[in-house]
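Listing of entry09.cif, mmCIF, C-alpha atoms
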data_start
#
loop_
_atom_site.group_PDB
_atom_site.id
_atom_site.type_symbol
_atom_site.label_atom_id
_atom_site.label_comp_id
_atom_site.auth_asym_id
_atom_site.auth_seq_id
_atom_site.Cartn_x
_atom_site.Cartn_y
_atom_site.Cartn_z
ATOM 1 C CA MET A 1 -67.612 187.458 36.555
ATOM 2 C CA LYS A 2 -70.480 187.286 34.072
ATOM 3 C CA VAL A 3 -72.954 186.986 36.926
ATOM 4 C CA THR A 4 -71.761 190.209 38.532
ATOM 5 C CA ALA A 5 -71.857 192.026 35.194
ATOM 6 C CA ILE A 6 -75.432 190.849 34.612
ATOM 7 C CA LEU A 7 -76.480 191.859 38.139
ATOM 8 C CA CYS A 8 -74.920 195.301 37.728
ATOM 9 C CA SER A 9 -76.658 195.865 34.405
ATOM 10 C CA VAL A 10 -79.995 194.721 35.877
ATOM 11 C CA LEU A 11 -79.610 197.033 38.872
ATOM 12 C CA VAL A 12 -78.677 200.004 36.717
ATOM 13 C CA ALA A 13 -81.415 199.249 34.214
ATOM 14 C CA GLY A 14 -83.910 198.817 37.036
ATOM 15 C CA ALA A 15 -82.888 202.119 38.602
ATOM 16 C CA SER A 16 -83.230 203.952 35.317
ATOM 17 C CA ALA A 17 -86.618 202.312 34.676
ATOM 18 C CA PHE A 18 -88.062 203.677 37.915
ATOM 19 C CA SER A 19 -86.731 207.175 37.431
ATOM 20 C CA PRO A 20 -86.039 207.947 33.785
ATOM 21 C CA GLY A 21 -84.705 211.477 34.357
ATOM 22 C CA ALA A 22 -82.675 210.674 37.467
ATOM 23 C CA THR A 23 -78.977 211.343 37.585
ATOM 24 C CA SER A 24 -76.253 209.658 39.556
ATOM 25 C CA PHE A 25 -73.852 211.469 41.818
ATOM 26 C CA THR A 26 -71.466 212.151 38.940
ATOM 27 C CA GLY A 27 -73.975 214.339 37.158
ATOM 28 C CA THR A 28 -74.522 212.034 34.160
ATOM 29 C CA HIS A 29 -77.648 210.044 33.408
ATOM 30 C CA ILE A 30 -77.735 206.565 34.837
ATOM 31 C CA SER A 31 -78.432 205.060 31.438
ATOM 32 C CA THR A 32 -75.237 206.587 30.007
ATOM 33 C CA VAL A 33 -73.107 205.206 32.835
ATOM 34 C CA SER A 34 -73.909 201.597 31.948
ATOM 35 C CA GLN A 35 -72.918 201.825 28.283
ATOM 36 C CA SER A 36 -69.621 199.965 28.565
ATOM 37 C CA PRO A 37 -68.120 198.115 31.499
ATOM 38 C CA ILE A 38 -64.596 199.154 30.529
ATOM 39 C CA ALA A 39 -64.908 202.881 30.060
ATOM 40 C CA ALA A 40 -62.117 205.314 29.377
ATOM 41 C CA PRO A 41 -60.837 207.147 32.453
ATOM 42 C CA ARG A 42 -62.664 210.348 33.162
ATOM 43 C CA THR A 43 -60.950 213.611 32.531
ATOM 44 C CA SER A 44 -61.304 216.042 35.347
ATOM 45 C CA SER A 45 -61.533 219.791 35.035
ATOM 46 C CA ARG A 46 -58.839 220.038 37.700
ATOM 47 C CA THR A 47 -55.298 219.857 36.439
ATOM 48 C CA SER A 48 -53.879 217.664 39.171
ATOM 49 C CA GLU A 49 -55.199 214.450 40.576
ATOM 50 C CA LEU A 50 -53.764 212.750 43.591
ATOM 51 C CA ASN A 51 -53.176 209.201 42.493
ATOM 52 C CA MET A 52 -50.334 208.163 44.755
ATOM 53 C CA MET A 53 -48.872 209.210 48.058
ATOM 54 C CA ARG A 54 -45.776 211.396 48.019
ATOM 55 C CA HIS A 55 -43.561 209.256 50.232
ATOM 56 C CA ARG A 56 -40.020 210.602 50.643
ATOM 57 C CA LYS A 57 -40.596 213.590 48.378
ATOM 58 C CA ARG A 58 -38.864 216.450 50.154
ATOM 59 C CA VAL A 59 -39.909 219.358 47.949
ATOM 60 C CA ALA A 60 -42.526 221.457 49.709
ATOM 61 C CA LYS A 61 -45.217 222.138 47.112
ATOM 62 C CA LEU A 62 -46.676 225.102 49.040
ATOM 63 C CA GLY A 63 -49.971 224.675 47.195
ATOM 64 C CA LYS A 64 -48.643 226.374 44.086
ATOM 65 C CA PRO A 65 -47.511 225.449 40.580
ATOM 66 C CA ALA A 66 -43.768 225.276 39.985
ATOM 67 C CA ASP A 67 -43.366 228.761 38.489
ATOM 68 C CA GLN A 68 -45.312 230.475 41.267
ATOM 69 C CA ARG A 69 -43.481 228.428 43.898
ATOM 70 C CA LYS A 70 -40.109 229.482 42.477
ATOM 71 C CA ALA A 71 -41.148 233.150 42.384
ATOM 72 C CA LEU A 72 -42.371 232.962 45.977
ATOM 73 C CA LEU A 73 -39.140 231.382 47.192
ATOM 74 C CA ARG A 74 -37.051 233.945 45.319
ATOM 75 C CA ALA A 75 -39.055 236.811 46.821
ATOM 76 C CA LEU A 76 -38.837 235.388 50.337
ATOM 77 C CA THR A 77 -35.089 234.840 49.944
ATOM 78 C CA THR A 78 -34.616 238.416 48.801
ATOM 79 C CA GLU A 79 -36.620 239.825 51.714
ATOM 80 C CA ILE A 80 -34.850 237.716 54.337
ATOM 81 C CA ILE A 81 -31.467 238.879 53.082
ATOM 82 C CA ARG A 82 -32.695 242.494 52.923
ATOM 83 C CA HIS A 83 -34.407 242.689 56.333
ATOM 84 C CA GLY A 84 -32.688 239.910 58.263
ATOM 85 C CA ARG A 85 -35.977 238.626 59.647
ATOM 86 C CA ILE A 86 -39.458 238.061 58.223
ATOM 87 C CA LYS A 87 -42.695 236.556 59.474
ATOM 88 C CA THR A 88 -44.317 233.908 57.281
ATOM 89 C CA THR A 89 -45.967 230.512 57.568
ATOM 90 C CA LEU A 90 -43.958 227.681 59.074
ATOM 91 C CA VAL A 91 -43.969 225.605 55.889
ATOM 92 C CA ARG A 92 -42.752 228.533 53.792
ATOM 93 C CA ALA A 93 -40.061 229.348 56.340
ATOM 94 C CA LYS A 94 -38.771 225.789 56.263
ATOM 95 C CA ALA A 95 -38.839 225.761 52.460
ATOM 96 C CA VAL A 96 -36.976 229.065 52.022
ATOM 97 C CA ARG A 97 -34.322 228.230 54.624
ATOM 98 C CA LYS A 98 -32.448 226.076 52.094
ATOM 99 C CA HIS A 99 -32.261 228.886 49.532
ATOM 100 C CA VAL A 100 -31.123 231.536 52.006
ATOM 101 C CA ASP A 101 -28.366 229.247 53.266
ATOM 102 C CA HIS A 102 -27.280 228.631 49.681
ATOM 103 C CA MET A 103 -27.093 232.373 48.932
ATOM 104 C CA ILE A 104 -24.952 232.929 52.023
ATOM 105 C CA GLN A 105 -22.677 230.055 50.979
ATOM 106 C CA LEU A 106 -22.293 231.745 47.600
ATOM 107 C CA GLY A 107 -21.519 235.031 49.350
ATOM 108 C CA LYS A 108 -18.831 233.365 51.427
ATOM 109 C CA ARG A 109 -17.292 231.812 48.332
ATOM 110 C CA GLY A 110 -17.112 235.221 46.687
ATOM 111 C CA ASP A 111 -15.920 234.310 43.191
ATOM 112 C CA LEU A 112 -17.457 235.546 39.953
ATOM 113 C CA HIS A 113 -19.426 232.385 39.255
ATOM 114 C CA ALA A 114 -20.971 232.469 42.733
ATOM 115 C CA ARG A 115 -21.892 236.130 42.267
ATOM 116 C CA ARG A 116 -23.609 235.370 38.962
ATOM 117 C CA GLN A 117 -25.505 232.462 40.514
ATOM 118 C CA ALA A 118 -26.719 234.715 43.324
ATOM 119 C CA LEU A 119 -27.718 237.425 40.846
ATOM 120 C CA ALA A 120 -29.769 234.833 38.972
ATOM 121 C CA TRP A 121 -31.780 233.998 42.114
ATOM 122 C CA VAL A 122 -32.042 237.209 44.162
ATOM 123 C CA TYR A 123 -34.131 240.014 42.677
ATOM 124 C CA ASP A 124 -32.025 242.966 43.896
ATOM 125 C CA LYS A 125 -28.576 243.487 42.379
ATOM 126 C CA ASP A 126 -27.387 245.912 45.084
ATOM 127 C CA LEU A 127 -28.495 243.463 47.762
ATOM 128 C CA VAL A 128 -26.299 240.761 46.224
ATOM 129 C CA HIS A 129 -23.315 243.095 46.235
ATOM 130 C CA SER A 130 -23.845 243.962 49.897
ATOM 131 C CA LEU A 131 -24.292 240.255 50.714
ATOM 132 C CA PHE A 132 -20.988 239.414 49.071
ATOM 133 C CA GLU A 133 -19.282 242.193 51.042
ATOM 134 C CA ALA A 134 -20.746 241.265 54.452
ATOM 135 C CA ALA A 135 -21.114 237.464 54.366
ATOM 136 C CA PRO A 136 -17.429 236.393 54.481
ATOM 137 C CA GLU A 137 -16.624 238.212 57.726
ATOM 138 C CA ARG A 138 -20.045 237.714 59.361
ATOM 139 C CA TYR A 139 -20.214 233.946 58.752
ATOM 140 C CA SER A 140 -16.508 233.036 58.540
ATOM 141 C CA ASP A 141 -16.615 230.801 61.626
ATOM 142 C CA ARG A 142 -19.894 229.068 60.687
ATOM 143 C CA GLU A 143 -20.082 226.151 58.245
ATOM 144 C CA GLY A 144 -23.861 226.111 57.808
ATOM 145 C CA GLY A 145 -27.116 226.844 59.547
ATOM 146 C CA TYR A 146 -27.211 230.523 58.732
ATOM 147 C CA THR A 147 -30.937 230.847 59.446
ATOM 148 C CA ARG A 148 -33.121 230.206 62.472
ATOM 149 C CA VAL A 149 -36.840 229.356 62.328
ATOM 150 C CA LEU A 150 -38.838 230.314 65.420
ATOM 151 C CA ARG A 151 -42.460 229.281 65.765
ATOM 152 C CA THR A 152 -44.939 231.977 66.736
ATOM 153 C CA MET A 153 -48.668 232.156 67.404
ATOM 154 C CA PRO A 154 -51.066 230.848 64.723
ATOM 155 C CA ARG A 155 -52.511 233.317 62.226
ATOM 156 C CA GLN A 156 -55.787 234.905 63.266
ATOM 157 C CA GLY A 157 -57.886 234.245 60.163
ATOM 158 C CA ASP A 158 -57.150 230.650 59.218
ATOM 159 C CA ASN A 159 -55.141 229.365 62.217
ATOM 160 C CA ALA A 160 -52.115 228.644 60.012
ATOM 161 C CA LYS A 161 -48.869 227.850 61.820
ATOM 162 C CA MET A 162 -46.696 230.950 61.673
ATOM 163 C CA ALA A 163 -42.955 231.361 62.107
ATOM 164 C CA VAL A 164 -40.246 233.977 62.110
ATOM 165 C CA ILE A 165 -37.198 233.153 59.996
ATOM 166 C CA GLU A 166 -34.098 235.173 60.740
ATOM 167 C CA LEU A 167 -30.431 235.269 59.897
ATOM 168 C CA VAL A 168 -28.200 234.048 62.723
#

How does this structure look as structure tokens?
Amino acid sequence: MKVTAILCSVLVAGASAFSPGATSFTGTHISTVSQSPIAAPRTSSRTSELNMMRHRKRVAKLGKPADQRKALLRALTTEIIRHGRIKTTLVRAKAVRKHVDHMIQLGKRGDLHARRQALAWVYDKDLVHSLFEAAPERYSDREGGYTRVLRTMPRQGDNAKMAVIELV
């Protein structure tokens, strides 16, 4: 262990002796890198670092922080209920499917608590009232799966996978 530490310090010292103003790939001087073998972890200017793999984590991050992700899903849910069909990316369509199904379940239930839960998620109050009027008779024979995701052609600019999500 001591031999490798000595060799590393000799190599770093030798590199800094041949080029005193040279910098390493990290942007700091080579002489400052070799100050302590056990250095504190570097703080990055980015807020998130990927340290571990996200095995079995089913929440689609959508490349956004939690507050923006929630606002996006609320807006997509509102527009799907309003228009019946929207075109979005495949990942967003799969992520919003859960919320649309939940709003329709609340509409089928029809009690006051369900109405207040739907009003807390959907942006349009009149849309919630129309959902609670139409959902029980439209989806009375169906126990789930109120939405359908159909894949379409990739987006022109960035070749993102696109999909149409619609109410069944």

Inset, instruction - Considering all atoms listed in the file, return as a list in words whatever protein or nucleic-acid residues lie within 8 Å of range 131-133 of chain A, sequence-local ones (same chain, fewer than 6 positions apart) excluded. - result: Ile81, Ile104, Leu106, Gly107, Lys108, Gly110 and Arg115 of chain A

Legend entry - Selection under test: the PyMOL selection byres ((chain A and resi 76) around 12); residues as a PyMOL selection string: chain A and resi 69-75+77-89+92-100+121-123+164-166

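Between CA of Met103 in chain A and CA of Gln117 in chain A there is a distance of 8.6 Å.
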
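You will find CA of Ser140 in chain A at 17.5 Å from CA of Val128 in chain A.
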
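Between CA of Asp126 in chain A and CA of Gly145 in chain A lies a distance of 23.9 Å.
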
Legend entry - Hits of the PyMOL selection byres ((chain A and resi 60) around 8) in this structure, as a list in words: Arg58, Val59, Lys61, Leu62, Val91 and Ala95 of chain A

Would you compute an axis-aligned box for range 68-77 of chain A, covering every atom listed for it in the file with 3 Å of margin on each side, and report centre and edge lengths in Å to one decimal as AutoDock Vina command-line options?
--center_x -40.2 --center_y 232.6 --center_z 45.8 --size_x 16.2 --size_y 14.4 --size_z 15.1

What would range 123-134 of chain A look like with all heavy atoms in place, written as a tab-separated table (two decimals), in the frame of the given file?
chain	number	residue	atom	x	y	z
A	123	TYR	N	-33.57	238.99	43.56
A	123	TYR	CA	-34.13	240.01	42.68
A	123	TYR	C	-33.36	241.33	42.68
A	123	TYR	O	-33.40	242.07	41.72
A	123	TYR	CB	-35.58	240.30	43.07
A	123	TYR	CG	-36.55	239.22	42.66
A	123	TYR	CD1	-37.39	238.63	43.58
A	123	TYR	CD2	-36.63	238.80	41.34
A	123	TYR	CE1	-38.29	237.65	43.20
A	123	TYR	CE2	-37.52	237.83	40.94
A	123	TYR	CZ	-38.35	237.26	41.88
A	123	TYR	OH	-39.23	236.28	41.50
A	124	ASP	N	-32.65	241.66	43.75
A	124	ASP	CA	-32.02	242.97	43.90
A	124	ASP	C	-30.51	242.86	43.70
A	124	ASP	O	-29.83	242.16	44.45
A	124	ASP	CB	-32.34	243.52	45.29
A	124	ASP	CG	-31.97	244.98	45.43
A	124	ASP	OD1	-31.48	245.57	44.46
A	124	ASP	OD2	-32.19	245.53	46.53
A	125	LYS	N	-30.00	243.55	42.70
A	125	LYS	CA	-28.58	243.49	42.38
A	125	LYS	C	-27.72	244.11	43.48
A	125	LYS	O	-26.68	243.57	43.86
A	125	LYS	CB	-28.34	244.20	41.05
A	125	LYS	CG	-26.94	244.14	40.54
A	125	LYS	CD	-26.83	244.83	39.19
A	125	LYS	CE	-25.41	244.76	38.66
A	125	LYS	NZ	-25.30	245.39	37.35
A	126	ASP	N	-28.15	245.25	44.02
A	126	ASP	CA	-27.39	245.91	45.08
A	126	ASP	C	-27.36	245.06	46.35
A	126	ASP	O	-26.38	245.08	47.10
A	126	ASP	CB	-27.98	247.29	45.39
A	126	ASP	CG	-27.88	248.22	44.19
A	126	ASP	OD1	-26.93	248.07	43.40
A	126	ASP	OD2	-28.77	249.09	44.04
A	127	LEU	N	-28.43	244.34	46.59
A	127	LEU	CA	-28.50	243.46	47.76
A	127	LEU	C	-27.47	242.32	47.64
A	127	LEU	O	-26.84	241.94	48.63
A	127	LEU	CB	-29.91	242.90	47.90
A	127	LEU	CG	-30.21	242.10	49.16
A	127	LEU	CD1	-30.11	243.00	50.38
A	127	LEU	CD2	-31.59	241.52	49.07
A	128	VAL	N	-27.29	241.82	46.45
A	128	VAL	CA	-26.30	240.76	46.22
A	128	VAL	C	-24.90	241.30	46.48
A	128	VAL	O	-24.07	240.64	47.12
A	128	VAL	CB	-26.43	240.19	44.79
A	128	VAL	CG1	-25.27	239.25	44.48
A	128	VAL	CG2	-27.74	239.47	44.62
A	129	HIS	N	-24.63	242.51	46.02
A	129	HIS	CA	-23.32	243.10	46.24
A	129	HIS	C	-23.05	243.31	47.73
A	129	HIS	O	-21.94	243.03	48.21
A	129	HIS	CB	-23.17	244.40	45.47
A	129	HIS	CG	-23.20	244.23	43.98
A	129	HIS	ND1	-22.45	243.27	43.31
A	129	HIS	CD2	-23.91	244.87	43.02
A	129	HIS	CE1	-22.69	243.34	42.02
A	129	HIS	NE2	-23.58	244.30	41.81
A	130	SER	N	-24.04	243.78	48.46
A	130	SER	CA	-23.84	243.96	49.90
A	130	SER	C	-23.72	242.62	50.61
A	130	SER	O	-22.98	242.50	51.60
A	130	SER	CB	-25.00	244.77	50.49
A	130	SER	OG	-26.21	244.07	50.37
A	131	LEU	N	-24.43	241.59	50.14
A	131	LEU	CA	-24.29	240.26	50.71
A	131	LEU	C	-22.88	239.72	50.52
A	131	LEU	O	-22.28	239.17	51.44
A	131	LEU	CB	-25.31	239.29	50.08
A	131	LEU	CG	-25.19	237.82	50.45
A	131	LEU	CD1	-25.58	237.60	51.89
A	131	LEU	CD2	-26.04	236.97	49.53
A	132	PHE	N	-22.33	239.93	49.35
A	132	PHE	CA	-20.99	239.41	49.07
A	132	PHE	C	-19.92	240.20	49.82
A	132	PHE	O	-18.82	239.69	50.05
A	132	PHE	CB	-20.72	239.43	47.56
A	132	PHE	CG	-21.18	238.19	46.87
A	132	PHE	CD1	-22.53	237.91	46.75
A	132	PHE	CD2	-20.28	237.29	46.34
A	132	PHE	CE1	-22.97	236.76	46.11
A	132	PHE	CE2	-20.70	236.14	45.71
A	132	PHE	CZ	-22.06	235.87	45.60
A	133	GLU	N	-20.22	241.44	50.22
A	133	GLU	CA	-19.28	242.19	51.04
A	133	GLU	C	-19.35	241.78	52.51
A	133	GLU	O	-18.33	241.68	53.19
A	133	GLU	CB	-19.58	243.69	50.94
A	133	GLU	CG	-19.24	244.29	49.60
A	133	GLU	CD	-19.73	245.73	49.48
A	133	GLU	OE1	-20.27	246.27	50.47
A	133	GLU	OE2	-19.60	246.31	48.39
A	134	ALA	N	-20.57	241.51	53.02
A	134	ALA	CA	-20.75	241.26	54.45
A	134	ALA	C	-20.66	239.80	54.85
A	134	ALA	O	-20.28	239.49	55.98
A	134	ALA	CB	-22.10	241.83	54.89
